[in-house]
file protein.tsv (TSV, C-alpha atoms and all ligand atoms)
chain	number	residue	atom	x	y	z
A	1	MET	CA	-79.28	-20.03	143.60
A	2	SER	CA	-75.62	-20.50	142.70
A	3	ARG	CA	-73.14	-21.70	140.16
A	4	THR	CA	-72.09	-25.35	140.49
A	5	GLU	CA	-68.59	-26.39	139.45
A	6	ALA	CA	-69.24	-29.12	136.86
A	7	LEU	CA	-66.43	-31.60	137.48
A	8	PHE	CA	-67.74	-34.02	134.81
A	9	ARG	CA	-67.01	-31.43	132.13
A	10	ASP	CA	-63.24	-31.84	132.55
A	11	ASP	CA	-63.28	-35.49	133.63
A	12	ALA	CA	-66.26	-37.63	132.68
A	13	TYR	CA	-64.66	-40.59	134.45
A	14	LEU	CA	-65.04	-39.23	137.99
A	15	ALA	CA	-67.34	-41.73	139.71
A	16	GLU	CA	-66.80	-40.32	143.22
A	17	ALA	CA	-65.95	-36.96	144.75
A	18	GLU	CA	-66.52	-34.83	147.82
A	19	ALA	CA	-68.55	-31.61	147.91
A	20	THR	CA	-70.18	-29.09	150.21
A	21	VAL	CA	-73.94	-28.51	150.30
A	22	ALA	CA	-74.62	-25.00	148.96
A	23	GLY	CA	-78.34	-25.18	149.70
A	24	VAL	CA	-81.64	-27.00	149.32
A	25	ASN	CA	-84.19	-25.32	147.07
A	26	GLU	CA	-87.90	-24.89	147.78
A	27	ARG	CA	-88.71	-28.13	145.94
A	28	GLY	CA	-86.21	-30.14	147.99
A	29	GLY	CA	-83.50	-30.21	145.31
A	30	ILE	CA	-79.94	-30.31	146.62
A	31	VAL	CA	-77.37	-27.86	145.25
A	32	LEU	CA	-73.67	-28.50	145.89
A	33	ASP	CA	-70.61	-26.31	145.37
A	34	ARG	CA	-69.32	-28.87	142.83
A	35	THR	CA	-70.57	-32.11	141.35
A	36	ILE	CA	-69.86	-35.17	139.24
A	37	PHE	CA	-73.61	-35.62	138.53
A	38	TYR	CA	-74.50	-34.71	134.94
A	39	ALA	CA	-77.70	-32.64	134.70
A	40	THR	CA	-80.26	-33.58	132.03
A	41	SER	CA	-79.59	-31.67	128.82
A	42	GLY	CA	-78.74	-32.07	125.17
A	43	GLY	CA	-80.67	-35.35	124.99
A	44	GLN	CA	-78.59	-37.02	127.73
A	45	PRO	CA	-80.50	-37.91	130.93
A	46	GLY	CA	-79.25	-36.75	134.31
A	47	ASP	CA	-77.27	-39.00	136.64
A	48	SER	CA	-78.58	-41.02	139.56
A	49	GLY	CA	-76.46	-42.07	142.54
A	50	THR	CA	-75.97	-41.29	146.23
A	51	LEU	CA	-74.77	-38.53	148.54
A	52	THR	CA	-73.28	-40.03	151.70
A	53	ARG	CA	-73.32	-37.86	154.83
A	54	THR	CA	-70.56	-37.83	157.43
A	55	ASP	CA	-72.72	-39.99	159.75
A	56	GLY	CA	-72.65	-42.69	157.06
A	57	SER	CA	-76.29	-42.36	156.01
A	58	ALA	CA	-76.96	-42.10	152.29
A	59	ILE	CA	-79.33	-39.87	150.35
A	60	ALA	CA	-80.44	-41.56	147.14
A	61	ILE	CA	-80.41	-39.20	144.15
A	62	ALA	CA	-83.09	-40.13	141.61
A	63	THR	CA	-81.98	-37.74	138.89
A	64	THR	CA	-80.13	-34.48	138.25
A	65	VAL	CA	-81.43	-31.40	136.46
A	66	THR	CA	-80.39	-27.81	135.86
A	67	GLY	CA	-81.84	-25.14	138.15
A	68	GLU	CA	-82.75	-21.52	137.57
A	69	THR	CA	-79.77	-21.18	135.26
A	70	LYS	CA	-77.80	-23.72	133.23
A	71	ASP	CA	-74.90	-23.21	135.66
A	72	GLU	CA	-76.85	-24.43	138.66
A	73	ILE	CA	-77.06	-28.21	139.05
A	74	VAL	CA	-79.86	-29.63	141.18
A	75	HIS	CA	-79.70	-33.16	142.67
A	76	VAL	CA	-83.23	-34.51	143.02
A	77	PRO	CA	-83.48	-36.89	146.00
A	78	ALA	CA	-85.62	-40.01	145.91
A	79	GLU	CA	-89.01	-39.50	147.57
A	80	GLY	CA	-88.90	-39.57	151.34
A	81	SER	CA	-85.13	-38.99	151.58
A	82	ALA	CA	-83.64	-36.97	154.42
A	83	LEU	CA	-82.24	-33.61	153.30
A	84	PRO	CA	-78.75	-32.34	154.19
A	85	GLU	CA	-77.93	-29.03	155.88
A	86	THR	CA	-76.25	-26.17	154.04
A	87	GLY	CA	-72.50	-26.30	154.64
A	88	GLU	CA	-72.48	-30.05	155.23
A	89	THR	CA	-69.80	-32.15	153.50
A	90	VAL	CA	-71.08	-35.07	151.43
A	91	ARG	CA	-69.44	-37.88	149.52
A	92	LEU	CA	-70.78	-38.17	145.97
A	93	ALA	CA	-71.09	-41.40	144.00
A	94	ILE	CA	-72.84	-41.68	140.67
A	95	ASP	CA	-74.44	-44.85	139.35
A	96	TRP	CA	-71.36	-45.52	137.26
A	97	ASP	CA	-72.56	-48.50	135.22
A	98	ARG	CA	-75.53	-46.48	134.02
A	99	ARG	CA	-73.44	-43.37	133.30
A	100	HIS	CA	-70.82	-45.37	131.41
A	101	ALA	CA	-73.54	-46.90	129.22
A	102	LEU	CA	-74.84	-43.37	128.56
A	103	MET	CA	-71.32	-42.16	127.73
A	104	ARG	CA	-70.89	-45.03	125.24
A	105	MET	CA	-74.31	-44.34	123.72
A	106	HIS	CA	-73.77	-40.57	123.59
A	107	THR	CA	-70.46	-41.09	121.77
A	108	ALA	CA	-72.22	-43.52	119.41
A	109	CYS	CA	-74.68	-40.73	118.53
A	110	HIS	CA	-71.75	-38.52	117.51
A	111	LEU	CA	-70.41	-41.36	115.33
A	112	LEU	CA	-73.81	-41.68	113.69
A	113	THR	CA	-73.69	-38.00	112.71
A	114	VAL	CA	-70.36	-38.73	110.99
A	115	ALA	CA	-71.73	-41.79	109.19
A	116	CYS	CA	-74.88	-39.90	108.32
A	117	PRO	CA	-73.94	-36.24	107.66
A	118	PHE	CA	-77.37	-34.59	107.65
A	119	PRO	CA	-78.83	-31.87	109.91
A	120	ILE	CA	-79.98	-33.25	113.26
A	121	THR	CA	-83.53	-32.42	114.31
A	122	GLY	CA	-83.59	-34.31	117.61
A	123	ALA	CA	-81.73	-36.82	119.75
A	124	SER	CA	-82.28	-38.83	122.89
A	125	VAL	CA	-79.57	-40.87	124.62
A	126	GLY	CA	-80.67	-43.97	126.55
A	127	GLU	CA	-78.99	-46.80	128.45
A	128	THR	CA	-79.98	-49.50	125.97
A	129	GLU	CA	-81.20	-47.56	122.97
A	130	SER	CA	-80.68	-44.06	121.60
A	131	ARG	CA	-82.35	-42.23	118.79
A	132	VAL	CA	-81.20	-39.50	116.45
A	133	ASP	CA	-83.54	-37.74	114.03
A	134	PHE	CA	-82.16	-36.34	110.79
A	135	ASP	CA	-83.56	-33.94	108.27
A	136	MET	CA	-83.07	-36.14	105.20
A	137	ALA	CA	-85.18	-37.55	102.41
A	138	GLU	CA	-82.69	-40.24	101.36
A	139	THR	CA	-83.24	-43.89	102.17
A	140	VAL	CA	-80.15	-45.57	103.58
A	141	ASP	CA	-79.41	-49.17	104.39
A	142	LYS	CA	-79.11	-49.83	108.13
A	143	ALA	CA	-76.49	-52.57	107.59
A	144	GLU	CA	-74.30	-50.09	105.73
A	145	VAL	CA	-74.65	-47.50	108.48
A	146	THR	CA	-73.85	-50.15	111.10
A	147	ALA	CA	-70.73	-51.13	109.14
A	148	ALA	CA	-69.61	-47.47	108.98
A	149	LEU	CA	-70.16	-47.09	112.74
A	150	MET	CA	-68.24	-50.27	113.57
A	151	GLU	CA	-65.36	-49.22	111.35
A	152	MET	CA	-64.96	-46.07	113.46
A	153	VAL	CA	-65.31	-48.10	116.69
A	154	GLY	CA	-62.69	-50.58	115.44
A	155	ALA	CA	-60.23	-47.79	114.56
A	156	ASP	CA	-60.31	-46.60	118.21
A	157	HIS	CA	-60.13	-42.88	117.43
A	158	PRO	CA	-59.50	-40.49	120.34
A	159	VAL	CA	-62.47	-38.48	121.66
A	160	TYR	CA	-61.68	-35.23	123.48
A	161	ALA	CA	-63.08	-31.83	124.34
A	162	GLN	CA	-61.63	-28.53	123.27
A	163	TRP	CA	-62.74	-25.04	124.23
A	164	ILE	CA	-62.99	-22.36	121.56
A	165	ASP	CA	-64.04	-18.72	121.55
A	166	GLU	CA	-67.57	-17.99	120.53
A	167	SER	CA	-66.17	-15.82	117.75
A	168	GLU	CA	-64.49	-18.90	116.23
A	169	LEU	CA	-67.84	-20.65	116.11
A	170	ASP	CA	-69.46	-17.60	114.52
A	171	ALA	CA	-66.75	-17.75	111.86
A	172	ASN	CA	-67.40	-21.50	111.28
A	173	PRO	CA	-71.19	-21.98	111.48
A	174	GLY	CA	-70.78	-25.33	109.72
A	175	LEU	CA	-69.57	-26.81	113.02
A	176	VAL	CA	-73.11	-26.89	114.33
A	177	LYS	CA	-75.02	-29.94	113.15
A	178	SER	CA	-78.24	-29.37	115.04
A	179	LYS	CA	-80.86	-27.77	112.87
A	180	ASN	CA	-82.97	-26.17	115.57
A	181	VAL	CA	-80.71	-26.10	118.60
A	182	ARG	CA	-78.01	-23.48	118.81
A	183	PRO	CA	-75.24	-23.93	121.36
A	184	PRO	CA	-75.65	-21.63	124.36
A	185	SER	CA	-74.31	-18.22	123.44
A	186	GLY	CA	-73.13	-15.45	125.66
A	187	ALA	CA	-70.83	-17.60	127.76
A	188	GLY	CA	-67.90	-16.53	125.59
A	189	ARG	CA	-66.48	-20.02	125.30
A	190	ILE	CA	-67.88	-23.06	123.51
A	191	ARG	CA	-67.01	-26.67	124.28
A	192	LEU	CA	-66.29	-28.67	121.15
A	193	VAL	CA	-66.26	-32.46	121.26
A	194	CYS	CA	-63.70	-33.73	118.77
A	195	ILE	CA	-63.26	-37.22	117.30
A	196	GLY	CA	-60.01	-38.38	115.71
A	197	ALA	CA	-56.52	-36.88	115.83
A	198	ASP	CA	-56.82	-33.13	115.17
A	199	ALA	CA	-60.59	-33.62	115.04
A	200	ALA	CA	-60.14	-35.36	111.70
A	201	LEU	CA	-63.50	-37.14	111.90
A	202	ASP	CA	-65.67	-34.60	113.64
A	203	SER	CA	-66.03	-31.68	115.99
A	204	GLN	CA	-69.26	-30.21	117.26
A	205	PRO	CA	-70.44	-28.18	120.23
A	206	CYS	CA	-71.61	-30.47	123.04
A	207	GLY	CA	-71.77	-30.29	126.82
A	208	GLY	CA	-72.42	-34.00	127.42
A	209	THR	CA	-70.23	-36.84	128.66
A	210	HIS	CA	-68.37	-39.12	126.25
A	211	VAL	CA	-65.92	-42.02	126.38
A	212	ARG	CA	-62.19	-41.39	125.74
A	213	SER	CA	-61.97	-43.26	122.49
A	214	THR	CA	-64.32	-44.75	119.94
A	215	GLY	CA	-63.15	-48.28	120.79
A	216	GLU	CA	-64.74	-47.95	124.22
A	217	VAL	CA	-68.15	-47.55	122.59
A	218	GLY	CA	-68.01	-51.29	121.83
A	219	ALA	CA	-70.36	-53.17	119.57
A	220	ILE	CA	-73.36	-51.15	118.39
A	221	HIS	CA	-75.80	-51.43	115.53
A	222	ILE	CA	-78.68	-49.60	113.93
A	223	GLY	CA	-81.77	-51.42	115.13
A	224	LYS	CA	-84.22	-49.50	113.03
A	225	ILE	CA	-84.58	-46.55	110.66
A	226	GLU	CA	-88.07	-45.08	110.71
A	227	LYS	CA	-89.56	-42.66	108.26
A	228	LYS	CA	-91.03	-39.75	110.22
A	229	GLY	CA	-92.44	-37.61	107.49
A	230	ARG	CA	-91.10	-37.04	103.99
A	231	GLU	CA	-87.86	-35.42	105.13
A	232	ASN	CA	-87.24	-36.90	108.52
A	233	ARG	CA	-85.55	-40.18	109.43
A	234	ARG	CA	-85.30	-41.58	112.93
A	235	PHE	CA	-82.31	-43.86	113.60
A	236	ARG	CA	-82.29	-46.18	116.62
A	237	ILE	CA	-78.87	-47.22	117.93
A	238	ARG	CA	-78.61	-50.34	120.08
A	239	PHE	CA	-75.75	-52.07	121.86
A	240	GLY	CA	-74.35	-55.36	120.61
A	241	ALA	CA	-74.00	-56.96	117.20
A	242	PRO	CA	-77.02	-56.82	114.88
A	243	PRO	CA	-79.44	-59.70	115.47
A	244	GLN	CA	-79.03	-62.42	112.85
A	301	ZN	ZN	-71.90	-35.10	122.85
call {"tool": "encode", "arguments": {"input": "protein.tsv", "output": "structure tokens"}}
result
Amino acid sequence: MSRTEALFRDDAYLAEAEATVAGVNERGGIVLDRTIFYATSGGQPGDSGTLTRTDGSAIAIATTVTGETKDEIVHVPAEGSALPETGETVRLAIDWDRRHALMRMHTACHLLTVACPFPITGASVGETESRVDFDMAETVDKAEVTAALMEMVGADHPVYAQWIDESELDANPGLVKSKNVRPPSGAGRIRLVCIGADAALDSQPCGGTHVRSTGEVGAIHIGKIEKKGRENRRFRIRFGAPPQ
């Protein structure tokens, strides 16, 4: 239908904004000219929240997904919601507490790939628990991995995004840690998420939302490491200190 300006890509901390309704698709999904709602992708679930109309009534948004193309962001209203008119101005508010938890968890997943430098075969970010699957045969101690994660959290390293040319990525294929997923190509520019001054700890292509510094992740621990086949390990990250 159209290209949505993704405001969260430059500022993940925008909890509110104003936008114009670009259209409502045949399934009742709302497309805006710009949005702060993250659309489900890369293992991070889409945002929920509300669109408030000028008459003060609110449309509850259950989730957010991408549309016909990755550039189109579709706000999925809760069942039975009224739908806005094209051209209408709406006030956007995301469910910030949930998003912030997802940002902390998503950043924690990046830290895990630093503590555990093996190819990633899958990942899923959740509000209370996330999982990352690695292609590895080694057995590691979850307390040691937790300690490595908390050292990076304690050091409060900066986390920031940097755009590079696709050609730079082609020249440095080692930047990509996902085994099966290639970053979208053809766009010309790739968004790298960097951790540490001058990306000293890590940089990898990612379109998700992250916190500004590793300290904001807070206390996390590895709840479980499961063996999924001979060469696959599933790590579960949870908030808080490890249970005694
Ligand atoms: Zn990320």
call {"tool": "axis_aligned_box", "arguments": {"input": "protein.tsv", "around": "segment 44-59 of chain A", "padding_each_side": "8 Å", "output": "AutoDock Vina command-line options"}}
result
--center_x -75.5 --center_y -39.7 --center_z 143.7 --size_x 25.9 --size_y 21.9 --size_z 48.0
call {"tool": "residues_near_ligand", "arguments": {"input": "protein.tsv", "ligand": "ligand ZN 301 (chain A)", "cutoff": "12 Å", "atoms": "only C-alpha atoms and all ligand atoms", "output": "PDB file with C-alpha atoms, keeping the file's coordinate frame"}}
result
ATOM      1  CA  ARG A   9     -67.010 -31.430 132.130  1.00  0.00           C
ATOM      2  CA  ALA A  12     -66.260 -37.630 132.680  1.00  0.00           C
ATOM      3  CA  SER A  41     -79.590 -31.670 128.820  1.00  0.00           C
ATOM      4  CA  GLY A  42     -78.740 -32.070 125.170  1.00  0.00           C
ATOM      5  CA  GLY A  43     -80.670 -35.350 124.990  1.00  0.00           C
ATOM      6  CA  GLN A  44     -78.590 -37.020 127.730  1.00  0.00           C
ATOM      7  CA  LEU A 102     -74.840 -43.370 128.560  1.00  0.00           C
ATOM      8  CA  MET A 103     -71.320 -42.160 127.730  1.00  0.00           C
ATOM      9  CA  ARG A 104     -70.890 -45.030 125.240  1.00  0.00           C
ATOM     10  CA  MET A 105     -74.310 -44.340 123.720  1.00  0.00           C
ATOM     11  CA  HIS A 106     -73.770 -40.570 123.590  1.00  0.00           C
ATOM     12  CA  THR A 107     -70.460 -41.090 121.770  1.00  0.00           C
ATOM     13  CA  ALA A 108     -72.220 -43.520 119.410  1.00  0.00           C
ATOM     14  CA  CYS A 109     -74.680 -40.730 118.530  1.00  0.00           C
ATOM     15  CA  HIS A 110     -71.750 -38.520 117.510  1.00  0.00           C
ATOM     16  CA  LEU A 111     -70.410 -41.360 115.330  1.00  0.00           C
ATOM     17  CA  LEU A 112     -73.810 -41.680 113.690  1.00  0.00           C
ATOM     18  CA  THR A 113     -73.690 -38.000 112.710  1.00  0.00           C
ATOM     19  CA  ALA A 123     -81.730 -36.820 119.750  1.00  0.00           C
ATOM     20  CA  SER A 124     -82.280 -38.830 122.890  1.00  0.00           C
ATOM     21  CA  VAL A 125     -79.570 -40.870 124.620  1.00  0.00           C
ATOM     22  CA  VAL A 159     -62.470 -38.480 121.660  1.00  0.00           C
ATOM     23  CA  TYR A 160     -61.680 -35.230 123.480  1.00  0.00           C
ATOM     24  CA  ALA A 161     -63.080 -31.830 124.340  1.00  0.00           C
ATOM     25  CA  VAL A 176     -73.110 -26.890 114.330  1.00  0.00           C
ATOM     26  CA  LYS A 177     -75.020 -29.940 113.150  1.00  0.00           C
ATOM     27  CA  SER A 178     -78.240 -29.370 115.040  1.00  0.00           C
ATOM     28  CA  PRO A 183     -75.240 -23.930 121.360  1.00  0.00           C
ATOM     29  CA  ARG A 191     -67.010 -26.670 124.280  1.00  0.00           C
ATOM     30  CA  LEU A 192     -66.290 -28.670 121.150  1.00  0.00           C
ATOM     31  CA  VAL A 193     -66.260 -32.460 121.260  1.00  0.00           C
ATOM     32  CA  CYS A 194     -63.700 -33.730 118.770  1.00  0.00           C
ATOM     33  CA  ILE A 195     -63.260 -37.220 117.300  1.00  0.00           C
ATOM     34  CA  ASP A 202     -65.670 -34.600 113.640  1.00  0.00           C
ATOM     35  CA  SER A 203     -66.030 -31.680 115.990  1.00  0.00           C
ATOM     36  CA  GLN A 204     -69.260 -30.210 117.260  1.00  0.00           C
ATOM     37  CA  PRO A 205     -70.440 -28.180 120.230  1.00  0.00           C
ATOM     38  CA  CYS A 206     -71.610 -30.470 123.040  1.00  0.00           C
ATOM     39  CA  GLY A 207     -71.770 -30.290 126.820  1.00  0.00           C
ATOM     40  CA  GLY A 208     -72.420 -34.000 127.420  1.00  0.00           C
ATOM     41  CA  THR A 209     -70.230 -36.840 128.660  1.00  0.00           C
ATOM     42  CA  HIS A 210     -68.370 -39.120 126.250  1.00  0.00           C
ATOM     43  CA  VAL A 211     -65.920 -42.020 126.380  1.00  0.00           C
ATOM     44  CA  ARG A 212     -62.190 -41.390 125.740  1.00  0.00           C
TER      45      ARG A 212
END
call {"tool": "closest_residue", "arguments": {"input": "protein.tsv", "among": "A:Ala93, A:Leu14, A:Leu32, A:Leu7", "to": "Ile61 of chain A", "atoms": "all atoms listed in the file"}}
result
A:Ala93
call {"tool": "residues_around", "arguments": {"input": "protein.tsv", "residues": "Thr146 of chain A", "least_positions_apart": "2", "cutoff": "6 Å", "atoms": "only C-alpha atoms", "output": "list in words"}}
result
Ala143, Glu144, Ala148, Leu149, His221 and Ile222 of chain A
call {"tool": "residues_around", "arguments": {"input": "protein.tsv", "residues": "Thr121 of chain A", "least_positions_apart": "4", "cutoff": "12 Å", "atoms": "all atoms listed in the file", "output": "PyMOL selection string"}}
result
chain A and resi 42-43+113+131-136+176-182+228+231-235
call {"tool": "write_last_selection", "arguments": {"input": "protein.tsv", "atoms": "C-alpha atoms", "output": "mmCIF file, keeping the file's coordinate frame"}}
result
data_model
loop_
_atom_site.group_PDB
_atom_site.id
_atom_site.type_symbol
_atom_site.label_atom_id
_atom_site.label_comp_id
_atom_site.auth_asym_id
_atom_site.auth_seq_id
_atom_site.Cartn_x
_atom_site.Cartn_y
_atom_site.Cartn_z
ATOM 1 C CA GLY A 42 -78.740 -32.070 125.170
ATOM 2 C CA GLY A 43 -80.670 -35.350 124.990
ATOM 3 C CA THR A 113 -73.690 -38.000 112.710
ATOM 4 C CA ARG A 131 -82.350 -42.230 118.790
ATOM 5 C CA VAL A 132 -81.200 -39.500 116.450
ATOM 6 C CA ASP A 133 -83.540 -37.740 114.030
ATOM 7 C CA PHE A 134 -82.160 -36.340 110.790
ATOM 8 C CA ASP A 135 -83.560 -33.940 108.270
ATOM 9 C CA MET A 136 -83.070 -36.140 105.200
ATOM 10 C CA VAL A 176 -73.110 -26.890 114.330
ATOM 11 C CA LYS A 177 -75.020 -29.940 113.150
ATOM 12 C CA SER A 178 -78.240 -29.370 115.040
ATOM 13 C CA LYS A 179 -80.860 -27.770 112.870
ATOM 14 C CA ASN A 180 -82.970 -26.170 115.570
ATOM 15 C CA VAL A 181 -80.710 -26.100 118.600
ATOM 16 C CA ARG A 182 -78.010 -23.480 118.810
ATOM 17 C CA LYS A 228 -91.030 -39.750 110.220
ATOM 18 C CA GLU A 231 -87.860 -35.420 105.130
ATOM 19 C CA ASN A 232 -87.240 -36.900 108.520
ATOM 20 C CA ARG A 233 -85.550 -40.180 109.430
ATOM 21 C CA ARG A 234 -85.300 -41.580 112.930
ATOM 22 C CA PHE A 235 -82.310 -43.860 113.600
#
call {"tool": "closest_residue", "arguments": {"input": "protein.tsv", "among": "A:Ala137, A:Ala115, A:Ala199, A:Ile190", "to": "Glu151 of chain A", "atoms": "all atoms listed in the file"}}
result
A:Ala115
call {"tool": "closest_residue", "arguments": {"input": "protein.tsv", "among": "A:Glu138, A:Val114, A:Ile164, A:Gly240", "to": "Leu201 of chain A", "atoms": "only C-alpha atoms"}}
result
A:Val114
call {"tool": "residues_around", "arguments": {"input": "protein.tsv", "residues": "Ala60 of chain A", "least_positions_apart": "2", "cutoff": "7 Å", "atoms": "only C-alpha atoms", "output": "VMD selection string"}}
result
chain A and resid 49 to 51 58 62 77 to 78 81
call {"tool": "closest_residue", "arguments": {"input": "protein.tsv", "among": "A:Glu18, A:Asp97, A:Glu216, A:Glu68", "to": "Ser48 of chain A", "atoms": "only C-alpha atoms"}}
result
A:Asp97
call {"tool": "closest_residue", "arguments": {"input": "protein.tsv", "among": "A:Asp71, A:Glu168, A:Glu79, A:Asp156", "to": "Gly215 of chain A", "atoms": "all atoms listed in the file"}}
result
A:Asp156
call {"tool": "residues_around", "arguments": {"input": "protein.tsv", "residues": "Leu92 of chain A", "least_positions_apart": "2", "cutoff": "9 Å", "atoms": "all atoms listed in the file", "output": "mmCIF file with C-alpha atoms, in the coordinates of the input"}}
result
data_model
loop_
_atom_site.group_PDB
_atom_site.id
_atom_site.type_symbol
_atom_site.label_atom_id
_atom_site.label_comp_id
_atom_site.auth_asym_id
_atom_site.auth_seq_id
_atom_site.Cartn_x
_atom_site.Cartn_y
_atom_site.Cartn_z
ATOM 1 C CA ALA A 15 -67.340 -41.730 139.710
ATOM 2 C CA GLU A 16 -66.800 -40.320 143.220
ATOM 3 C CA ALA A 17 -65.950 -36.960 144.750
ATOM 4 C CA GLU A 18 -66.520 -34.830 147.820
ATOM 5 C CA ALA A 19 -68.550 -31.610 147.910
ATOM 6 C CA THR A 35 -70.570 -32.110 141.350
ATOM 7 C CA ILE A 36 -69.860 -35.170 139.240
ATOM 8 C CA PHE A 37 -73.610 -35.620 138.530
ATOM 9 C CA GLY A 49 -76.460 -42.070 142.540
ATOM 10 C CA THR A 50 -75.970 -41.290 146.230
ATOM 11 C CA LEU A 51 -74.770 -38.530 148.540
ATOM 12 C CA THR A 52 -73.280 -40.030 151.700
ATOM 13 C CA VAL A 90 -71.080 -35.070 151.430
ATOM 14 C CA ILE A 94 -72.840 -41.680 140.670
#
call {"tool": "closest_residue", "arguments": {"input": "protein.tsv", "among": "A:Val140, A:Val145, A:Val74, A:Ala155", "to": "Asn25 of chain A", "atoms": "all atoms listed in the file"}}
result
A:Val74
call {"tool": "atom_distance", "arguments": {"input": "protein.tsv", "atom1": "atom CA of Phe8 of chain A", "atom2": "atom CA of Glu166 of chain A"}}
result
21.5 Å
call {"tool": "atom_distance", "arguments": {"input": "protein.tsv", "atom1": "atom CA of Ser2 of chain A", "atom2": "atom CA of Gly29 of chain A"}}
result
12.8 Å
call {"tool": "atom_distance", "arguments": {"input": "protein.tsv", "atom1": "atom CA of Arg230 of chain A", "atom2": "atom CA of Met150 of chain A"}}
result
28.1 Å
